[in-house]
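Source file: my_file29.pdb (PDB, C-alpha atoms, pLDDT in the B column)
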ATOM      1  CA  MET A  15     103.706 108.963  92.960  1.00 57.00           C
ATOM      2  CA  SER A  16     102.834 108.541  96.625  1.00 74.00           C
ATOM      3  CA  GLU A  17     101.396 105.356  98.075  1.00 89.00           C
ATOM      4  CA  GLN A  18      97.809 105.434  99.292  1.00 96.00           C
ATOM      5  CA  LEU A  19      97.334 104.266 102.872  1.00 97.00           C
ATOM      6  CA  LEU A  20      94.295 102.587 104.415  1.00 97.00           C
ATOM      7  CA  ARG A  21      93.124 102.593 108.017  1.00 97.00           C
ATOM      8  CA  LEU A  22      91.910  99.317 109.517  1.00 97.00           C
ATOM      9  CA  TRP A  23      88.221 100.274 109.281  1.00 96.00           C
ATOM     10  CA  GLN A  24      88.684 100.787 105.529  1.00 96.00           C
ATOM     11  CA  ILE A  25      90.045  97.252 105.181  1.00 97.00           C
ATOM     12  CA  ILE A  26      87.656  95.282 107.406  1.00 97.00           C
ATOM     13  CA  GLY A  27      84.700  97.694 107.359  1.00 96.00           C
ATOM     14  CA  ASP A  28      82.775  99.396 110.138  1.00 93.00           C
ATOM     15  CA  PRO A  29      79.092  98.552 110.633  1.00 89.00           C
ATOM     16  CA  ARG A  30      78.581 101.674 112.779  1.00 92.00           C
ATOM     17  CA  LYS A  31      79.699 103.858 109.867  1.00 88.00           C
ATOM     18  CA  GLY A  32      77.927 101.675 107.312  1.00 92.00           C
ATOM     19  CA  THR A  33      81.244 100.907 105.609  1.00 90.00           C
ATOM     20  CA  LYS A  34      81.752  97.587 103.848  1.00 93.00           C
ATOM     21  CA  GLY A  35      85.178  96.080 104.182  1.00 93.00           C
ATOM     22  CA  LEU A  36      87.504  94.835 101.488  1.00 95.00           C
ATOM     23  CA  ILE A  37      88.343  91.684 103.466  1.00 95.00           C
ATOM     24  CA  PRO A  38      85.685  89.880 105.559  1.00 92.00           C
ATOM     25  CA  VAL A  39      87.545  89.406 108.836  1.00 95.00           C
ATOM     26  CA  SER A  40      87.100  90.684 112.386  1.00 95.00           C
ATOM     27  CA  LYS A  41      89.428  93.208 113.975  1.00 96.00           C
ATOM     28  CA  SER A  42      90.992  90.559 116.227  1.00 97.00           C
ATOM     29  CA  GLY A  43      91.241  88.171 113.274  1.00 97.00           C
ATOM     30  CA  TRP A  44      93.053  90.820 111.239  1.00 97.00           C
ATOM     31  CA  TRP A  45      95.589  91.515 113.998  1.00 98.00           C
ATOM     32  CA  ALA A  46      96.137  87.781 114.504  1.00 98.00           C
ATOM     33  CA  GLY A  47      96.830  87.476 110.768  1.00 97.00           C
ATOM     34  CA  VAL A  48      99.307  90.358 110.936  1.00 97.00           C
ATOM     35  CA  ARG A  49     101.136  88.712 113.870  1.00 97.00           C
ATOM     36  CA  GLU A  50     101.249  85.368 112.032  1.00 97.00           C
ATOM     37  CA  GLY A  51     102.489  86.966 108.819  1.00 96.00           C
ATOM     38  CA  ARG A  52      99.365  86.100 106.809  1.00 95.00           C
ATOM     39  CA  PHE A  53      98.411  89.764 106.381  1.00 97.00           C
ATOM     40  CA  PRO A  54     100.640  92.723 105.447  1.00 97.00           C
ATOM     41  CA  ARG A  55     102.696  94.560 108.032  1.00 97.00           C
ATOM     42  CA  PRO A  56     101.311  97.914 109.117  1.00 98.00           C
ATOM     43  CA  VAL A  57     102.884 101.330 108.712  1.00 97.00           C
ATOM     44  CA  LYS A  58     102.959 103.345 111.948  1.00 97.00           C
ATOM     45  CA  LEU A  59     102.321 107.039 111.300  1.00 96.00           C
ATOM     46  CA  SER A  60     102.273 107.944 114.979  1.00 97.00           C
ATOM     47  CA  ALA A  61     101.756 106.291 118.362  1.00 96.00           C
ATOM     48  CA  ARG A  62      98.006 106.013 117.729  1.00 96.00           C
ATOM     49  CA  VAL A  63      97.767 105.877 113.935  1.00 97.00           C
ATOM     50  CA  THR A  64      98.372 102.632 112.068  1.00 98.00           C
ATOM     51  CA  CYS A  65      97.817 102.177 108.328  1.00 98.00           C
ATOM     52  CA  TRP A  66      98.444  99.648 105.571  1.00 98.00           C
ATOM     53  CA  ARG A  67      99.635 100.253 102.038  1.00 97.00           C
ATOM     54  CA  LEU A  68      96.802  99.905  99.539  1.00 97.00           C
ATOM     55  CA  SER A  69      99.122  97.979  97.199  1.00 96.00           C
ATOM     56  CA  ASP A  70      99.834  95.400  99.942  1.00 97.00           C
ATOM     57  CA  VAL A  71      96.114  94.920 100.647  1.00 97.00           C
ATOM     58  CA  GLN A  72      95.329  94.640  96.923  1.00 96.00           C
ATOM     59  CA  ARG A  73      98.080  92.034  96.529  1.00 96.00           C
ATOM     60  CA  LEU A  74      96.608  90.084  99.462  1.00 96.00           C
ATOM     61  CA  ILE A  75      93.184  90.117  97.796  1.00 95.00           C
ATOM     62  CA  GLU A  76      94.555  89.152  94.376  1.00 94.00           C
ATOM     63  CA  THR A  77      96.533  86.217  95.768  1.00 90.00           C
ATOM     64  CA  GLY A  78      93.562  84.910  97.705  1.00 82.00           C
ATOM     65  CA  GLY A  79      95.118  85.475 101.107  1.00 73.00           C
ATOM     66  CA  LYS A  80      98.588  84.185 100.359  1.00 66.00           C
ATOM     67  CA  ASN A  81     100.769  86.988 101.696  1.00 57.00           C
ATOM     68  CA  ASP A  82     104.165  87.324 100.053  1.00 55.00           C
ATOM     69  CA  VAL A  83     104.828  90.776 101.519  1.00 50.00           C
ATOM     70  CA  ASP A  84     108.086  91.146 103.434  1.00 49.00           C
TER      71      ASP A  84
END
Once you've parsed the file, please lay out its structure as structure tokens.
Amino acid sequence: MSEQLLRLWQIIGDPRKGTKGLIPVSKSGWWAGVREGRFPRPVKLSARVTCWRLSDVQRLIETGGKNDVD
């Protein structure tokens, strides 16, 4: 079974597209959390495409923001 991947707008939402996010945080807040290790590490698909594993984001939500992802 393959892992589903999410783009950043699918995680934090995009008001221009009318998309609600899974986690209420700004784009800069998300990237700060990634740098600090609070949020999951991204998966680079190409130079301009960055995604996150759905399972990592779900785990982050279930643990209330305590990231135990390596």
If we count all atoms listed in the file, what is near Ile26 of chain A at a cut-off of 7 Å, once residues fewer than 5 positions away on the same chain are taken out, given as an mmCIF file with C-alpha atoms, in the frame of the given file?
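Wrote result.cif, looks like this:
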data_model
loop_
_atom_site.group_PDB
_atom_site.id
_atom_site.type_symbol
_atom_site.label_atom_id
_atom_site.label_comp_id
_atom_site.auth_asym_id
_atom_site.auth_seq_id
_atom_site.Cartn_x
_atom_site.Cartn_y
_atom_site.Cartn_z
ATOM 1 C CA GLY A 35 85.178 96.080 104.182
ATOM 2 C CA LEU A 36 87.504 94.835 101.488
ATOM 3 C CA ILE A 37 88.343 91.684 103.466
ATOM 4 C CA PRO A 38 85.685 89.880 105.559
ATOM 5 C CA VAL A 39 87.545 89.406 108.836
ATOM 6 C CA SER A 40 87.100 90.684 112.386
#
Care to translate the PyMOL selection byres ((chain A and resi 19) around 9) into actual residues of this file, as a PyMOL selection string? chain A and resi 17-18+20-21+57+65-69
Can you work out the spacing between atom CA of Pro54 of chain A and atom CA of Gly79 of chain A in Å, to one decimal? 10.1 Å
Near Thr33 of chain A, within 8 Å and counting all atoms listed in the file, which residues show up once chain neighbours fewer than 4 positions away are dropped, as a PyMOL selection string? chain A and resi 23-24+27-29
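One finds atom CA of Arg52 of chain A at 8.8 Å from atom CA of Leu74 of chain A.
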For Val71 of chain A, which residue among A:Lys58, A:Ala46, A:Lys34, A:Leu22 is the nearest when counting only C-alpha atoms? A:Leu22
Just to confirm, what's the straight-line distance from atom CA of Gly43 of chain A to atom CA of Leu59 of chain A in Å (one decimal)?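 Between atom CA of Gly43 of chain A and atom CA of Leu59 of chain A the gap is 22.0 Å.
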Let me make sure I understand: among A:Ser42, A:Thr77, A:Gly32, A:Asp70, which one has the smallest atom-to-atom distance to Arg55 of chain A if we use only C-alpha atoms?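 For Arg55 of chain A, the nearest of the given residues is A:Asp70.
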